[in-house]
$ cat run_38.tsv   # TSV, N, CA and C atoms
chain	number	residue	atom	x	y	z
A	1	MET	N	16.00	35.29	-24.53
A	1	MET	CA	15.63	33.95	-24.15
A	1	MET	C	14.14	33.91	-23.83
A	2	SER	N	13.41	32.97	-24.45
A	2	SER	CA	11.98	32.88	-24.21
A	2	SER	C	11.71	32.11	-22.93
A	3	ASP	N	10.61	32.47	-22.27
A	3	ASP	CA	10.23	31.78	-21.05
A	3	ASP	C	9.61	30.43	-21.39
A	4	ILE	N	10.00	29.41	-20.66
A	4	ILE	CA	9.44	28.08	-20.83
A	4	ILE	C	8.33	27.93	-19.81
A	5	SER	N	7.17	27.47	-20.26
A	5	SER	CA	6.02	27.30	-19.38
A	5	SER	C	6.27	26.21	-18.35
A	6	THR	N	5.81	26.44	-17.13
A	6	THR	CA	5.91	25.43	-16.08
A	6	THR	C	4.73	24.46	-16.13
A	7	LYS	N	3.71	24.79	-16.88
A	7	LYS	CA	2.48	24.00	-16.91
A	7	LYS	C	2.71	22.53	-17.24
A	8	PRO	N	3.44	22.16	-18.31
A	8	PRO	CA	3.61	20.73	-18.60
A	8	PRO	C	4.36	19.99	-17.50
A	9	TYR	N	5.29	20.66	-16.85
A	9	TYR	CA	6.05	20.03	-15.77
A	9	TYR	C	5.16	19.80	-14.55
A	10	LEU	N	4.28	20.75	-14.26
A	10	LEU	CA	3.36	20.61	-13.14
A	10	LEU	C	2.31	19.53	-13.41
A	11	VAL	N	1.83	19.46	-14.65
A	11	VAL	CA	0.86	18.42	-15.03
A	11	VAL	C	1.50	17.04	-14.85
A	12	ARG	N	2.73	16.89	-15.34
A	12	ARG	CA	3.42	15.60	-15.19
A	12	ARG	C	3.66	15.27	-13.71
A	13	ALA	N	3.99	16.28	-12.91
A	13	ALA	CA	4.24	16.05	-11.49
A	13	ALA	C	2.98	15.59	-10.77
A	14	ILE	N	1.85	16.24	-11.02
A	14	ILE	CA	0.59	15.83	-10.37
A	14	ILE	C	0.18	14.45	-10.87
A	15	TYR	N	0.37	14.16	-12.14
A	15	TYR	CA	0.07	12.83	-12.68
A	15	TYR	C	0.88	11.76	-11.94
A	16	GLU	N	2.19	11.99	-11.80
A	16	GLU	CA	3.05	11.03	-11.12
A	16	GLU	C	2.67	10.89	-9.65
A	17	TRP	N	2.34	12.00	-8.99
A	17	TRP	CA	1.93	11.95	-7.59
A	17	TRP	C	0.67	11.10	-7.45
A	18	CYS	N	-0.29	11.30	-8.36
A	18	CYS	CA	-1.53	10.51	-8.32
A	18	CYS	C	-1.23	9.03	-8.46
A	19	THR	N	-0.45	8.67	-9.45
A	19	THR	CA	-0.19	7.25	-9.70
A	19	THR	C	0.63	6.65	-8.56
A	20	ASP	N	1.61	7.38	-8.03
A	20	ASP	CA	2.41	6.87	-6.90
A	20	ASP	C	1.56	6.69	-5.65
A	21	SER	N	0.52	7.50	-5.49
A	21	SER	CA	-0.35	7.45	-4.31
A	21	SER	C	-1.53	6.49	-4.49
A	22	GLY	N	-1.63	5.87	-5.65
A	22	GLY	CA	-2.75	4.97	-5.91
A	22	GLY	C	-4.04	5.70	-6.18
A	23	LEU	N	-3.96	6.96	-6.63
A	23	LEU	CA	-5.13	7.79	-6.92
A	23	LEU	C	-5.36	7.84	-8.42
A	24	THR	N	-6.55	8.27	-8.82
A	24	THR	CA	-6.92	8.35	-10.23
A	24	THR	C	-6.78	9.78	-10.73
A	25	PRO	N	-5.83	10.05	-11.66
A	25	PRO	CA	-5.67	11.41	-12.18
A	25	PRO	C	-6.75	11.76	-13.20
A	26	TYR	N	-7.40	12.89	-12.98
A	26	TYR	CA	-8.40	13.41	-13.91
A	26	TYR	C	-7.89	14.73	-14.48
A	27	LEU	N	-8.19	14.95	-15.76
A	27	LEU	CA	-7.76	16.15	-16.47
A	27	LEU	C	-9.01	16.90	-16.94
A	28	VAL	N	-9.08	18.20	-16.63
A	28	VAL	CA	-10.16	19.04	-17.12
A	28	VAL	C	-9.61	19.83	-18.30
A	29	VAL	N	-10.31	19.74	-19.43
A	29	VAL	CA	-9.83	20.32	-20.69
A	29	VAL	C	-10.87	21.27	-21.25
A	30	ALA	N	-10.43	22.45	-21.70
A	30	ALA	CA	-11.29	23.38	-22.43
A	30	ALA	C	-11.39	22.87	-23.87
A	31	VAL	N	-12.60	22.59	-24.31
A	31	VAL	CA	-12.82	22.04	-25.64
A	31	VAL	C	-12.72	23.16	-26.67
A	32	GLY	N	-12.04	22.90	-27.76
A	32	GLY	CA	-11.91	23.91	-28.80
A	32	GLY	C	-11.48	23.32	-30.12
A	33	ALA	N	-11.10	24.20	-31.01
A	33	ALA	CA	-10.77	23.81	-32.38
A	33	ALA	C	-9.57	22.87	-32.46
A	34	HIS	N	-8.64	22.97	-31.51
A	34	HIS	CA	-7.42	22.18	-31.59
A	34	HIS	C	-7.43	20.96	-30.66
A	35	THR	N	-8.53	20.72	-29.98
A	35	THR	CA	-8.62	19.54	-29.12
A	35	THR	C	-9.35	18.42	-29.84
A	36	ARG	N	-8.83	17.20	-29.68
A	36	ARG	CA	-9.51	16.02	-30.23
A	36	ARG	C	-9.99	15.21	-29.05
A	37	VAL	N	-11.24	15.44	-28.67
A	37	VAL	CA	-11.88	14.74	-27.56
A	37	VAL	C	-13.29	14.35	-28.00
A	38	PRO	N	-13.90	13.38	-27.33
A	38	PRO	CA	-15.28	13.02	-27.69
A	38	PRO	C	-16.24	14.14	-27.29
A	39	MET	N	-16.79	14.81	-28.27
A	39	MET	CA	-17.62	15.98	-28.04
A	39	MET	C	-18.90	15.66	-27.27
A	40	GLU	N	-19.39	14.42	-27.36
A	40	GLU	CA	-20.63	14.07	-26.67
A	40	GLU	C	-20.47	14.06	-25.15
A	41	TYR	N	-19.24	14.11	-24.66
A	41	TYR	CA	-18.99	14.14	-23.21
A	41	TYR	C	-18.67	15.55	-22.71
A	42	ALA	N	-18.65	16.53	-23.59
A	42	ALA	CA	-18.33	17.91	-23.20
A	42	ALA	C	-19.55	18.59	-22.58
A	43	LYS	N	-19.30	19.35	-21.52
A	43	LYS	CA	-20.34	20.15	-20.88
A	43	LYS	C	-19.74	21.52	-20.57
A	44	ASP	N	-20.49	22.55	-20.89
A	44	ASP	CA	-20.06	23.93	-20.62
A	44	ASP	C	-18.69	24.23	-21.22
A	45	GLY	N	-18.40	23.67	-22.39
A	45	GLY	CA	-17.14	23.95	-23.06
A	45	GLY	C	-15.94	23.25	-22.47
A	46	GLN	N	-16.19	22.27	-21.58
A	46	GLN	CA	-15.09	21.52	-20.97
A	46	GLN	C	-15.43	20.03	-20.96
A	47	VAL	N	-14.38	19.23	-20.87
A	47	VAL	CA	-14.55	17.79	-20.74
A	47	VAL	C	-13.57	17.31	-19.67
A	48	VAL	N	-14.03	16.34	-18.86
A	48	VAL	CA	-13.18	15.76	-17.82
A	48	VAL	C	-12.75	14.38	-18.30
A	49	LEU	N	-11.43	14.14	-18.29
A	49	LEU	CA	-10.88	12.89	-18.80
A	49	LEU	C	-10.12	12.15	-17.71
A	50	ASN	N	-10.37	10.86	-17.59
A	50	ASN	CA	-9.60	9.99	-16.70
A	50	ASN	C	-8.32	9.64	-17.45
A	51	ILE	N	-7.16	10.04	-16.93
A	51	ILE	CA	-5.90	9.74	-17.61
A	51	ILE	C	-5.07	8.72	-16.82
A	52	GLY	N	-5.75	7.96	-15.98
A	52	GLY	CA	-5.08	6.89	-15.24
A	52	GLY	C	-4.58	5.81	-16.18
A	53	ALA	N	-3.59	5.03	-15.70
A	53	ALA	CA	-2.99	3.98	-16.53
A	53	ALA	C	-4.00	2.93	-16.95
A	54	SER	N	-5.01	2.65	-16.12
A	54	SER	CA	-6.00	1.64	-16.47
A	54	SER	C	-7.03	2.15	-17.48
A	55	ALA	N	-7.08	3.47	-17.70
A	55	ALA	CA	-8.07	4.04	-18.60
A	55	ALA	C	-7.47	4.50	-19.94
A	56	THR	N	-6.15	4.55	-20.01
A	56	THR	CA	-5.51	5.07	-21.22
A	56	THR	C	-4.51	4.06	-21.78
A	57	ARG	N	-4.14	4.31	-23.03
A	57	ARG	CA	-3.08	3.53	-23.67
A	57	ARG	C	-2.17	4.51	-24.40
A	58	ASN	N	-0.88	4.28	-24.29
A	58	ASN	CA	0.13	5.12	-24.95
A	58	ASN	C	0.04	6.59	-24.53
A	59	LEU	N	-0.12	6.83	-23.23
A	59	LEU	CA	-0.20	8.20	-22.72
A	59	LEU	C	1.15	8.90	-22.89
A	60	SER	N	1.10	10.09	-23.47
A	60	SER	CA	2.29	10.92	-23.64
A	60	SER	C	1.95	12.33	-23.19
A	61	ILE	N	2.63	12.80	-22.15
A	61	ILE	CA	2.43	14.16	-21.67
A	61	ILE	C	3.66	14.96	-22.08
A	62	GLY	N	3.58	15.60	-23.25
A	62	GLY	CA	4.68	16.39	-23.77
A	62	GLY	C	4.58	17.84	-23.32
A	63	ASN	N	5.50	18.65	-23.78
A	63	ASN	CA	5.49	20.07	-23.41
A	63	ASN	C	4.40	20.85	-24.11
A	64	ASP	N	3.97	20.38	-25.29
A	64	ASP	CA	2.96	21.11	-26.06
A	64	ASP	C	1.62	20.38	-26.16
A	65	MET	N	1.64	19.05	-25.97
A	65	MET	CA	0.45	18.26	-26.24
A	65	MET	C	0.38	17.04	-25.33
A	66	ILE	N	-0.85	16.67	-24.96
A	66	ILE	CA	-1.10	15.42	-24.25
A	66	ILE	C	-1.85	14.52	-25.22
A	67	GLN	N	-1.32	13.31	-25.43
A	67	GLN	CA	-1.91	12.39	-26.39
A	67	GLN	C	-2.07	11.01	-25.76
A	68	PHE	N	-3.16	10.34	-26.07
A	68	PHE	CA	-3.39	8.98	-25.62
A	68	PHE	C	-4.58	8.40	-26.36
A	69	SER	N	-4.79	7.10	-26.18
A	69	SER	CA	-5.98	6.43	-26.69
A	69	SER	C	-6.79	5.99	-25.48
A	70	ALA	N	-8.10	6.04	-25.62
A	70	ALA	CA	-9.00	5.62	-24.54
A	70	ALA	C	-10.29	5.11	-25.16
A	71	ARG	N	-11.01	4.32	-24.38
A	71	ARG	CA	-12.29	3.79	-24.84
A	71	ARG	C	-13.42	4.62	-24.26
A	72	PHE	N	-14.33	5.00	-25.14
A	72	PHE	CA	-15.53	5.74	-24.76
A	72	PHE	C	-16.71	4.97	-25.30
A	73	GLY	N	-17.54	4.45	-24.42
A	73	GLY	CA	-18.67	3.65	-24.86
A	73	GLY	C	-18.24	2.42	-25.63
A	74	GLY	N	-17.07	1.87	-25.28
A	74	GLY	CA	-16.58	0.67	-25.94
A	74	GLY	C	-15.82	0.91	-27.23
A	75	VAL	N	-15.72	2.16	-27.65
A	75	VAL	CA	-15.05	2.50	-28.91
A	75	VAL	C	-13.73	3.20	-28.59
A	76	SER	N	-12.63	2.71	-29.15
A	76	SER	CA	-11.32	3.31	-28.93
A	76	SER	C	-11.23	4.63	-29.69
A	77	ARG	N	-10.76	5.67	-29.00
A	77	ARG	CA	-10.61	6.99	-29.61
A	77	ARG	C	-9.22	7.53	-29.32
A	78	ASP	N	-8.64	8.23	-30.28
A	78	ASP	CA	-7.37	8.93	-30.08
A	78	ASP	C	-7.68	10.32	-29.56
A	79	ILE	N	-7.04	10.69	-28.45
A	79	ILE	CA	-7.28	11.96	-27.80
A	79	ILE	C	-6.03	12.83	-27.94
A	80	GLU	N	-6.22	14.09	-28.31
A	80	GLU	CA	-5.13	15.07	-28.38
A	80	GLU	C	-5.58	16.34	-27.69
A	81	VAL	N	-4.81	16.76	-26.70
A	81	VAL	CA	-5.14	17.96	-25.92
A	81	VAL	C	-3.93	18.89	-25.92
A	82	PRO	N	-4.04	20.08	-26.51
A	82	PRO	CA	-2.95	21.03	-26.41
A	82	PRO	C	-2.76	21.45	-24.95
A	83	MET	N	-1.53	21.65	-24.54
A	83	MET	CA	-1.26	22.00	-23.14
A	83	MET	C	-1.98	23.30	-22.76
A	84	ASP	N	-2.17	24.22	-23.70
A	84	ASP	CA	-2.89	25.46	-23.42
A	84	ASP	C	-4.34	25.22	-23.03
A	85	ALA	N	-4.91	24.08	-23.45
A	85	ALA	CA	-6.32	23.79	-23.17
A	85	ALA	C	-6.53	23.11	-21.82
A	86	VAL	N	-5.45	22.74	-21.13
A	86	VAL	CA	-5.58	22.08	-19.83
A	86	VAL	C	-6.01	23.11	-18.79
A	87	VAL	N	-7.15	22.87	-18.17
A	87	VAL	CA	-7.69	23.76	-17.13
A	87	VAL	C	-7.21	23.33	-15.76
A	88	SER	N	-7.23	22.00	-15.50
A	88	SER	CA	-6.74	21.50	-14.22
A	88	SER	C	-6.45	20.01	-14.30
A	89	ILE	N	-5.70	19.54	-13.30
A	89	ILE	CA	-5.43	18.12	-13.12
A	89	ILE	C	-5.58	17.86	-11.63
A	90	TYR	N	-6.30	16.77	-11.29
A	90	TYR	CA	-6.57	16.50	-9.88
A	90	TYR	C	-6.80	15.01	-9.67
A	91	ALA	N	-6.75	14.60	-8.41
A	91	ALA	CA	-7.05	13.22	-8.04
A	91	ALA	C	-8.55	13.09	-7.80
A	92	ARG	N	-9.17	12.11	-8.42
A	92	ARG	CA	-10.61	11.92	-8.28
A	92	ARG	C	-11.01	11.66	-6.83
A	93	GLU	N	-10.23	10.90	-6.11
A	93	GLU	CA	-10.60	10.45	-4.78
A	93	GLU	C	-10.61	11.57	-3.73
A	94	ASN	N	-9.72	12.55	-3.85
A	94	ASN	CA	-9.66	13.61	-2.83
A	94	ASN	C	-9.68	15.03	-3.40
A	95	ALA	N	-9.80	15.17	-4.71
A	95	ALA	CA	-9.90	16.46	-5.40
A	95	ALA	C	-8.67	17.34	-5.21
A	96	GLN	N	-7.54	16.77	-4.78
A	96	GLN	CA	-6.31	17.55	-4.67
A	96	GLN	C	-5.63	17.59	-6.02
A	97	GLY	N	-5.10	18.75	-6.37
A	97	GLY	CA	-4.42	18.91	-7.64
A	97	GLY	C	-4.13	20.37	-7.90
A	98	LEU	N	-4.06	20.73	-9.16
A	98	LEU	CA	-3.76	22.10	-9.56
A	98	LEU	C	-4.73	22.57	-10.63
A	99	SER	N	-5.11	23.84	-10.53
A	99	SER	CA	-5.86	24.51	-11.59
A	99	SER	C	-4.96	25.58	-12.16
A	100	PHE	N	-5.14	25.85	-13.43
A	100	PHE	CA	-4.28	26.80	-14.12
A	100	PHE	C	-5.07	28.00	-14.60
A	101	ALA	N	-4.43	29.16	-14.59
A	101	ALA	CA	-5.05	30.37	-15.13
A	101	ALA	C	-5.23	30.17	-16.63
A	102	VAL	N	-6.32	30.71	-17.15
A	102	VAL	CA	-6.57	30.61	-18.58
A	102	VAL	C	-5.57	31.50	-19.30
A	103	GLU	N	-4.82	30.90	-20.20
A	103	GLU	CA	-3.81	31.66	-20.94
A	103	GLU	C	-4.46	32.33	-22.14
A	104	GLU	N	-3.86	33.43	-22.60
A	104	GLU	CA	-4.45	34.15	-23.73
A	104	GLU	C	-4.49	33.28	-24.97
A	105	SER	N	-3.47	32.46	-25.19
A	105	SER	CA	-3.48	31.59	-26.36
A	105	SER	C	-4.51	30.48	-26.22
A	106	ALA	N	-4.93	30.18	-24.97
A	106	ALA	CA	-5.94	29.14	-24.76
A	106	ALA	C	-7.29	29.59	-25.31
A	107	GLY	N	-7.53	30.90	-25.36
A	107	GLY	CA	-8.76	31.41	-25.94
A	107	GLY	C	-8.89	31.02	-27.39
A	108	GLU	N	-7.75	31.00	-28.10
A	108	GLU	CA	-7.77	30.60	-29.49
A	108	GLU	C	-8.03	29.10	-29.61
A	109	SER	N	-7.38	28.31	-28.76
A	109	SER	CA	-7.57	26.86	-28.88
A	109	SER	C	-8.89	26.43	-28.26
A	110	ALA	N	-9.35	27.15	-27.24
A	110	ALA	CA	-10.61	26.76	-26.62
A	110	ALA	C	-11.79	27.12	-27.50
A	111	GLY	N	-11.68	28.20	-28.25
A	111	GLY	CA	-12.73	28.59	-29.18
A	111	GLY	C	-13.99	29.05	-28.46
A	112	SER	N	-15.00	29.31	-29.25
A	112	SER	CA	-16.28	29.72	-28.70
A	112	SER	C	-17.25	28.56	-28.78
A	113	ALA	N	-18.43	28.77	-28.27
A	113	ALA	CA	-19.45	27.71	-28.33
A	113	ALA	C	-19.77	27.38	-29.79
A	114	ASP	N	-19.74	28.39	-30.67
A	114	ASP	CA	-20.02	28.14	-32.08
A	114	ASP	C	-18.96	27.23	-32.69
A	115	ASP	N	-17.67	27.43	-32.30
A	115	ASP	CA	-16.61	26.57	-32.80
A	115	ASP	C	-16.82	25.14	-32.34
A	116	THR	N	-17.26	24.97	-31.10
A	116	THR	CA	-17.48	23.64	-30.55
A	116	THR	C	-18.56	22.91	-31.35
A	117	VAL	N	-19.63	23.59	-31.67
A	117	VAL	CA	-20.70	22.97	-32.44
A	117	VAL	C	-20.20	22.65	-33.85
A	118	ALA	N	-19.38	23.53	-34.44
A	118	ALA	CA	-18.87	23.29	-35.78
A	118	ALA	C	-17.96	22.08	-35.81
A	119	ASP	N	-17.26	21.77	-34.71
A	119	ASP	CA	-16.35	20.64	-34.67
A	119	ASP	C	-17.06	19.32	-34.40
A	120	ALA	N	-18.32	19.37	-34.04
A	120	ALA	CA	-19.06	18.15	-33.71
A	120	ALA	C	-19.20	17.29	-34.95
A	121	GLN	N	-19.17	15.99	-34.76
A	121	GLN	CA	-19.29	15.05	-35.85
A	121	GLN	C	-20.75	14.91	-36.26
A	122	PRO	N	-21.02	14.56	-37.52
A	122	PRO	CA	-22.41	14.33	-37.92
A	122	PRO	C	-23.03	13.23	-37.07
A	123	GLY	N	-24.27	13.42	-36.70
A	123	GLY	CA	-24.95	12.45	-35.87
A	123	GLY	C	-24.87	12.77	-34.39
A	124	ASP	N	-23.93	13.65	-33.99
A	124	ASP	CA	-23.84	14.06	-32.58
A	124	ASP	C	-25.03	14.95	-32.27
A	125	SER	N	-25.64	14.73	-31.12
A	125	SER	CA	-26.75	15.59	-30.73
A	125	SER	C	-26.21	16.87	-30.11
A	126	PRO	N	-26.88	18.00	-30.32
A	126	PRO	CA	-26.41	19.24	-29.72
A	126	PRO	C	-26.55	19.17	-28.21
A	127	PRO	N	-25.67	19.89	-27.48
A	127	PRO	CA	-25.77	19.86	-26.02
A	127	PRO	C	-27.11	20.43	-25.56
A	128	SER	N	-27.70	19.79	-24.58
A	128	SER	CA	-29.00	20.26	-24.07
A	128	SER	C	-28.78	21.30	-22.99
A	129	PRO	N	-29.71	22.25	-22.83
A	129	PRO	CA	-29.57	23.24	-21.77
A	129	PRO	C	-29.62	22.56	-20.42
A	130	ARG	N	-28.92	23.13	-19.44
A	130	ARG	CA	-28.81	22.50	-18.14
A	130	ARG	C	-29.84	23.05	-17.16
A	131	GLY	N	-30.92	23.56	-17.64
A	131	GLY	CA	-31.98	24.03	-16.74
A	131	GLY	C	-31.97	25.53	-16.61
A	132	LYS	N	-32.78	26.01	-15.68
A	132	LYS	CA	-32.96	27.43	-15.45
A	132	LYS	C	-31.71	28.03	-14.77
A	133	PRO	N	-31.21	29.16	-15.28
A	133	PRO	CA	-30.06	29.80	-14.65
A	133	PRO	C	-30.38	30.20	-13.21
A	134	GLN	N	-29.37	30.10	-12.34
A	134	GLN	CA	-29.54	30.47	-10.95
A	134	GLN	C	-28.45	31.45	-10.55
A	135	LEU	N	-28.80	32.37	-9.67
A	135	LEU	CA	-27.85	33.33	-9.14
A	135	LEU	C	-27.63	33.03	-7.67
A	136	LYS	N	-26.40	33.22	-7.21
A	136	LYS	CA	-26.10	33.04	-5.79
A	136	LYS	C	-25.50	34.35	-5.27
A	137	ILE	N	-25.86	34.69	-4.04
A	137	ILE	CA	-25.29	35.87	-3.41
A	137	ILE	C	-24.01	35.46	-2.71
A	138	VAL	N	-22.90	36.11	-3.07
A	138	VAL	CA	-21.61	35.82	-2.48
A	138	VAL	C	-21.23	36.97	-1.58
A	139	LYS	N	-20.99	36.67	-0.31
A	139	LYS	CA	-20.65	37.74	0.65
A	139	LYS	C	-19.19	37.70	0.98

$ encode --input "run_38.tsv" --output "structure tokens"
Amino acid sequence: MSDISTKPYLVRAIYEWCTDSGLTPYLVVAVGAHTRVPMEYAKDGQVVLNIGASATRNLSIGNDMIQFSARFGGVSRDIEVPMDAVVSIYARENAQGLSFAVEESAGESAGSADDTVADAQPGDSPPSPRGKPQLKIVK
């Protein structure tokens, strides 16, 4: 008997908790070859998506895929996120939610930075560097 992942059930539970509490559910997604998200909003290989009822249409949180339509810059886009690419789900107002360990299969769907650039649409500008790298001492 194969193990069934708890991830889709937990994502649905946090989504329902957010909506029942009047909070805005946000989804952090690792961008990769199998994700259909607006690449111009991706930073550091991830994109944050508002999946609240007022921001999405036809939201479906399945066991393998999250699908919905949303407007970005006034243009309607179809979004598809494999469940393996979900990094976390949380409420915008209080940052409560769940983060998930990166699964080995997520490495394939998340891809590398080169894959992300290859998936970009013509006319998209390449991501700009975020400034000088900084190190912090952690004690």

$ closest_residue --input "run_38.tsv" --among "A:Gly97, A:Leu49, A:Val81, A:Tyr41" --to "A:Asp64" --atoms "all atoms listed in the file"
A:Val81

$ residues_around --input "run_38.tsv" --residues "A:Phe72" --least-positions-apart "3" --cutoff "12 Å" --atoms "only C-alpha atoms" --output "JSON list (two decimals) with N, CA and C atoms, keeping the file's coordinate frame"
[["chain", "number", "residue", "atom", "x", "y", "z"],
["A", 37, "VAL", "N", -11.24, 15.44, -28.67],
["A", 37, "VAL", "CA", -11.88, 14.74, -27.56],
["A", 37, "VAL", "C", -13.29, 14.35, -28.00],
["A", 38, "PRO", "N", -13.90, 13.38, -27.33],
["A", 38, "PRO", "CA", -15.28, 13.02, -27.69],
["A", 38, "PRO", "C", -16.24, 14.14, -27.29],
["A", 39, "MET", "N", -16.79, 14.81, -28.27],
["A", 39, "MET", "CA", -17.62, 15.98, -28.04],
["A", 39, "MET", "C", -18.90, 15.66, -27.27],
["A", 40, "GLU", "N", -19.39, 14.42, -27.36],
["A", 40, "GLU", "CA", -20.63, 14.07, -26.67],
["A", 40, "GLU", "C", -20.47, 14.06, -25.15],
["A", 41, "TYR", "N", -19.24, 14.11, -24.66],
["A", 41, "TYR", "CA", -18.99, 14.14, -23.21],
["A", 41, "TYR", "C", -18.67, 15.55, -22.71],
["A", 49, "LEU", "N", -11.43, 14.14, -18.29],
["A", 49, "LEU", "CA", -10.88, 12.89, -18.80],
["A", 49, "LEU", "C", -10.12, 12.15, -17.71],
["A", 50, "ASN", "N", -10.37, 10.86, -17.59],
["A", 50, "ASN", "CA", -9.60, 9.99, -16.70],
["A", 50, "ASN", "C", -8.32, 9.64, -17.45],
["A", 55, "ALA", "N", -7.08, 3.47, -17.70],
["A", 55, "ALA", "CA", -8.07, 4.04, -18.60],
["A", 55, "ALA", "C", -7.47, 4.50, -19.94],
["A", 56, "THR", "N", -6.15, 4.55, -20.01],
["A", 56, "THR", "CA", -5.51, 5.07, -21.22],
["A", 56, "THR", "C", -4.51, 4.06, -21.78],
["A", 69, "SER", "N", -4.79, 7.10, -26.18],
["A", 69, "SER", "CA", -5.98, 6.43, -26.69],
["A", 69, "SER", "C", -6.79, 5.99, -25.48],
["A", 75, "VAL", "N", -15.72, 2.16, -27.65],
["A", 75, "VAL", "CA", -15.05, 2.50, -28.91],
["A", 75, "VAL", "C", -13.73, 3.20, -28.59],
["A", 76, "SER", "N", -12.63, 2.71, -29.15],
["A", 76, "SER", "CA", -11.32, 3.31, -28.93],
["A", 76, "SER", "C", -11.23, 4.63, -29.69],
["A", 77, "ARG", "N", -10.76, 5.67, -29.00],
["A", 77, "ARG", "CA", -10.61, 6.99, -29.61],
["A", 77, "ARG", "C", -9.22, 7.53, -29.32],
["A", 78, "ASP", "N", -8.64, 8.23, -30.28],
["A", 78, "ASP", "CA", -7.37, 8.93, -30.08],
["A", 78, "ASP", "C", -7.68, 10.32, -29.56],
["A", 79, "ILE", "N", -7.04, 10.69, -28.45],
["A", 79, "ILE", "CA", -7.28, 11.96, -27.80],
["A", 79, "ILE", "C", -6.03, 12.83, -27.94]]

$ residues_around --input "run_38.tsv" --residues "stretch 8-24 of chain A" --least-positions-apart "2" --cutoff "7 Å" --atoms "only C-alpha atoms" --output "PyMOL selection string"
chain A and resi 6+26+52+61-63+83+89+91-93+97

$ atom_distance --input "run_38.tsv" --atom1 "atom CA of A:Leu27" --atom2 "atom CA of A:Lys43"
13.9 Å

$ atom_distance --input "run_38.tsv" --atom1 "atom C of A:Tyr90" --atom2 "atom CA of A:Pro25"
4.5 Å

$ closest_residue --input "run_38.tsv" --among "A:Ser5, A:Asn58, A:Ser88, A:Gln46" --to "A:Ala101" --atoms "only C-alpha atoms"
A:Ser88

$ atom_distance --input "run_38.tsv" --atom1 "atom N of A:Arg57" --atom2 "atom C of A:Ser99"
23.9 Å

$ residues_near_point --input "run_38.tsv" --point "(-11.2, 18.1, -22.4)" --cutoff "5 Å" --atoms "only N, CA and C atoms" --output "PyMOL selection string"
chain A and resi 28-30+46-48

$ write_last_selection --input "run_38.tsv" --atoms "N, CA and C atoms" --output "PDB file, keeping the file's coordinate frame"
ATOM      1  N   VAL A  28      -9.080  18.200 -16.630  1.00  0.00           N
ATOM      2  CA  VAL A  28     -10.160  19.040 -17.120  1.00  0.00           C
ATOM      3  C   VAL A  28      -9.610  19.830 -18.300  1.00  0.00           C
ATOM      4  N   VAL A  29     -10.310  19.740 -19.430  1.00  0.00           N
ATOM      5  CA  VAL A  29      -9.830  20.320 -20.690  1.00  0.00           C
ATOM      6  C   VAL A  29     -10.870  21.270 -21.250  1.00  0.00           C
ATOM      7  N   ALA A  30     -10.430  22.450 -21.700  1.00  0.00           N
ATOM      8  CA  ALA A  30     -11.290  23.380 -22.430  1.00  0.00           C
ATOM      9  C   ALA A  30     -11.390  22.870 -23.870  1.00  0.00           C
ATOM     10  N   GLN A  46     -16.190  22.270 -21.580  1.00  0.00           N
ATOM     11  CA  GLN A  46     -15.090  21.520 -20.970  1.00  0.00           C
ATOM     12  C   GLN A  46     -15.430  20.030 -20.960  1.00  0.00           C
ATOM     13  N   VAL A  47     -14.380  19.230 -20.870  1.00  0.00           N
ATOM     14  CA  VAL A  47     -14.550  17.790 -20.740  1.00  0.00           C
ATOM     15  C   VAL A  47     -13.570  17.310 -19.670  1.00  0.00           C
ATOM     16  N   VAL A  48     -14.030  16.340 -18.860  1.00  0.00           N
ATOM     17  CA  VAL A  48     -13.180  15.760 -17.820  1.00  0.00           C
ATOM     18  C   VAL A  48     -12.750  14.380 -18.300  1.00  0.00           C
TER      19      VAL A  48
END

$ select_by_dssp --input "run_38.tsv" --residues "stretch 16-99 of chain A" --states "helix (DSSP H, G or I)" --output "list in words"
Glu16, Trp17, Cys18, Thr19, Asp20, Met39, Glu40, Tyr41, Met83, Asp84 and Ala85 of chain A
